[in-house]
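J.: The following block contains the structure, expressed as structure tokens.
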Amino acid sequence: MSTPLNRHSNILDFALSSLLRRKSKNFSLLVVYTLIVFVIASLIFFVQALKREAAQILKEAPDMVVQRMVAGRHDLIPVAYGEQISAIRGVTAVSPRLWGYYYDQVFGANYTLLVPEKNLLEPGSIMIGPGVARNQRIQAGDMLALKTSRNIPLLLTVQDLYPSSSELISSDLIVLSAEDFQTMFNLPAGQVTDLAVTVANPREQVTVAAKIAELFPDTRPILKSEMLRTYDSLFEWRGGMIVVVLAVAVLSFIIFAWDKATGLSAEERKEIGILKSIGWETSDVLLLKFWEGIVVSLTAFLVGVVLAYGHVFFFSAALFEHALKGWSVIYPQFKLTPVIDVYQLTVLFFLTVLPYTAATIIPAWLSATVPPDAAMRS
Amino acid sequence: MILLTNVTKTYNTGKHNQFTAVDDVSLTVEAGRLTILKGPSGSGKTTLMALIGCMARPSSGRIQLHNIRTSFFTGADSRAPLDITSLPERFLTEIRRTTFGFIFQQFNLVKGISALENVMLPAYPTGESQGAFRRRALELMELFAVARHAASPVEWLSGGELQRVAIARALINNPAIVIADEPTAHLDSKLSREFMEMVGTLKAGGKTVLIASHDPLVYDSELADTVIGMRDGRITGLSGLS
Amino acid sequence: MIQHPAILALTIASLMTGLMLIYAGWYGTWILDKWDLHSGSELQLNLERRTYLISVILSYALLFQIASLFLYIFTADNLHSQFTGAMCAAGSLGVNSFGYPVLILKILNCLLAGVWLIINHVDTRGYDYPLIKAKYGLLNVLVPLVLLEVVFQFVYFFNLKADVITSCCGSLFSTDKHSIAGEIAGLPSGPMQAAFFGIMAATVVCGMVFFLKKRGGYLFAALSALTFLVSSAALVSFICLYFYELPSHHCPFCILQKEYHYIGYALYATLLGGTVSGLGVGVLMPFSTCSSLSGVIPNIQRRLAATTLIMYLLFTLIVVWRMLSTSFTLG
Ligand SMILES: Nc1ncnc2c1ncn2[C@@H]1O[C@H](COP(=O)(O)OP(=O)(O)OP(=O)(O)O)[C@@H](O)[C@H]1O
Ligand SMILES: [Mg+2]
């Protein structure tokens, strides 16, 4: 029985044996190919995982935050604003928030100071993120000294550490009581950092925000969705810097693949000549080249993806964390939740296999169209 | 039967190195006979065989094949002679693959794979199942006494064994016509005689055989039915039957 | 311009497809001009060799096109959070006036490339390549369309600007700027259902007749094309609603999502596949008298018609199954 399926399987068979026969040449191609897949996949997985973490953080964030703006800059907001805001229809709750940044000159690190919504902590005790603990080399039970705005040291006892599973959120965090926060920064009475507003019906959020902006022209309501978008585009932008690098990588890979494919050895040329002379047709040779390409591409793709998966999710993208997250002394050392989806794999496929395939079409055709009678005189 | 009418093949037409390798050749190759092309080097034997063997298209003239079955000529005209003069390579290959078996001067075996795989190679793209043509290949290797080298890479084989593997390969698709270009150029006289014996077997099996050679052992062989002399791309003489 | 790996991926893919097709088109016109099968000249042999390259290029181009069609929708969907008011792909595509034209061009090019490959497949069966002129004529139509798509897609992506709060807080309170293909969505569902099932039935009957009696090829092709248009409209107008179980969510893209078990892929694949083979039947009609193809074309046409029937029936089956199995009804 002659079937097209047989033809494919026969030619695939020969493609495999050809690839194995030229191990050294194909091995170097495979290594470069896998490396390209690995790097690009790592980047895509990493940015995607970060975005997911960020979304996770924002899930806990309030629906809306109201900030006061003075001269175009974020300023403290009077608690009194909150009472009027809670009177707007649709608003369920308004809670004042206290938070800020603290720069530690000795250790050269920036911390985020935050007062929890419910009174979790006694004055004098704090909870810290693992990044702070590493940076200061302290543990639960130890003391931490912060300098207040009046340059007086404030001694605080570490009550507990945040688990490292939430490290991206809590790495640089120091959670303290409202009293200690007041001691630290000495805010004017009746003023807080911003207001968290809860709106029960998500459809009303935009209306409520518009009303707040109308009521207090000096405020800026920020919706959670808006924050998500900013986060997204921030990661996108960081990803974007990398995109340029990616483009260069893909381009050089195309050139490399082209070079590999055109640089047929005399041996290979002769072999194709023999195949043509004994009855292989141009399209058979093209099919052979197609299967060779598929085998190489799939191997490189699978190996590259598996390596990148391990790199990002088990080794926390050790190779380029600095490039992507910015330099920071208390850089979180966390494990990202392992997730990849079809979409990312498709993008990856487009960025690696497609260029390779396109780059090898013409060389494959050139090698496939040697005249059949060429093998009769050699 | 193969019929050539005023066949010319010109290389590099219109360029300064234009060269006519086959010049206005008309001849008939009878079915089931041994036809030998003889002539000095450069006289156009290989070119003429390439034209007959559907490897290249003539610049002008006509080549017709009789009693050929193809998948693309269907219906009433299937018994009429097939004019291959202006067939595209795709269809020429189909004819070549089903009708012709080739034995080359340099044997043209693929290095690095086994002798058996070499024999099977022409059958890969036909779409036949591998099991079927593997069996046939082993039978052929048995017939030409190279079965015990089936698994060896061709680099290990001696000249005579290579020749026999090449013959087995030429026969894998069961062709009606076998074409051999200078088959004895790399063989000593004992092996050449052996080769002619195998040609006898082929002929006895009903195959049409066409050999290009300037080896007297070949063209003076009593097996030869027709000997065609060539020089400078033209036919200079015809001897034998027909 | 938003920098996103998928946008880079799509841009690279479209550039490569574009370049490959320019190359193919260039030699295509050359072939149209100089083709002479009866000549054994080196030029002719050269051109014949080129035809292999062009078919390979077009096969890959079709694969790239299909992949990029879906990646494009996927990406638009992925980006929707960047635009105020966008809920899914539909919103992202409406961000500027190039989004939807690109989508339409992508679909059109997929169909045309599919038809081209059918013609090519048939052509390579005839020992005198009888369809060579038709083939490269069609290529000359396809190439500009693909190039247009490349340009439009680039312009679309280039003009995508994310709303970022730090740069523009006024945009915060902008209301929904984009309405989803309002007019099609607004088509009354009752008559639309009648039209959809009517045209499907007509196409299937006509296909059967063609399959059995080899008559009405042109009609069948025309009906297949019409079915494509009507089904697309029906998808937006009422089919989607049954999948979402929402009376006003007309988006034809969300069905491609995981939430709906990727059912959209099955719907679009069957619809596109059926249309390509249906069109193929019609395109081959004028050549069925070619002597070198007389044994080939009728068989291929029958197979194409059967493919169309199976694809369209599958499509209808999915729709009917959903309409019956869901508790949702159109009020
Ligand atoms: N592709 C080509 N381009 C130009 N000239 C060619 C080409 N192929 C063959 N020739 C020329 O055609 C002539 C005939 O060559 P051919 O190989 O047919 O001779 P031959 O009789 O087989 O010689 P030999 O006995 O040495 O094998 C030679 O002069 C050769 O140089
Ligand atoms: Mg010779």
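Letters for chains follow the order of the structure tokens (A, B, ...), residue numbers begin at 1 for each chain, and ligand numbers begin at 1 in the order shown.
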Any residue with an atom at most 9 Å from ligand 1 counts, using only C-alpha atoms and all ligand atoms. Which are they? Put them as JSON, numbers by chain.
T.: {"A": [373, 374, 376, 377], "B": [9, 10, 11, 12, 17, 18, 19, 20, 21, 22, 37, 38, 39, 40, 41, 42, 43, 44, 45, 46, 47, 48, 49, 50, 105, 181, 182, 212, 213, 214, 230, 231, 232, 233]}
J.: Using DSSP on the backbone, list every residue of segment 10-155 of chain B that comes out as helix (DSSP H, G or I), and give them as a PyMOL selection string.
T.: chain B and resi 45-52+75-79+89-99+115-126+130-143+147-149+154-155
J.: Which chain B residues are at most 8 Å from chain A (counting only C-alpha atoms), as a ChimeraX atom specification?
T.: /B:46,50,55-56,89-90,93-94,96-97,101-102,104-106,108-110,112,121-122,124-130,170,181
J.: Show me, as a VMD selection string, the residues that have an atom within 12 Å of segment 146-162 of chain B when counting only C-alpha atoms, minus same-chain residues fewer than 3 positions from it.
T.: (chain A and resid 21) or (chain B and resid 103 to 120 134 to 143 165 to 169 183 to 195 198)
J.: Please report as a list in words which residues of chain B come no farther than 7 Å from chain C, using only C-alpha atoms.
T.: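 That gives Arg57, Pro58, Ser59, Ser60, Phe72, Thr74, Ser86, Leu87, Pro88 and Phe91 of chain B for chain B.
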J.: Taking the DSSP secondary structure from the backbone, can you list the residues of chain B that are strand (DSSP E or B), as JSON, numbers by chain?
T.: {"B": [2, 3, 4, 5, 6, 7, 8, 9, 10, 11, 19, 20, 21, 22, 23, 24, 25, 26, 27, 28, 29, 34, 35, 36, 37, 38, 60, 61, 62, 63, 64, 65, 82, 83, 100, 101, 102, 103, 114, 153, 177, 178, 179, 180, 181, 208, 209, 210, 211, 212, 226, 227, 228, 229, 230, 231, 234, 235, 236, 237, 238, 239, 240]}
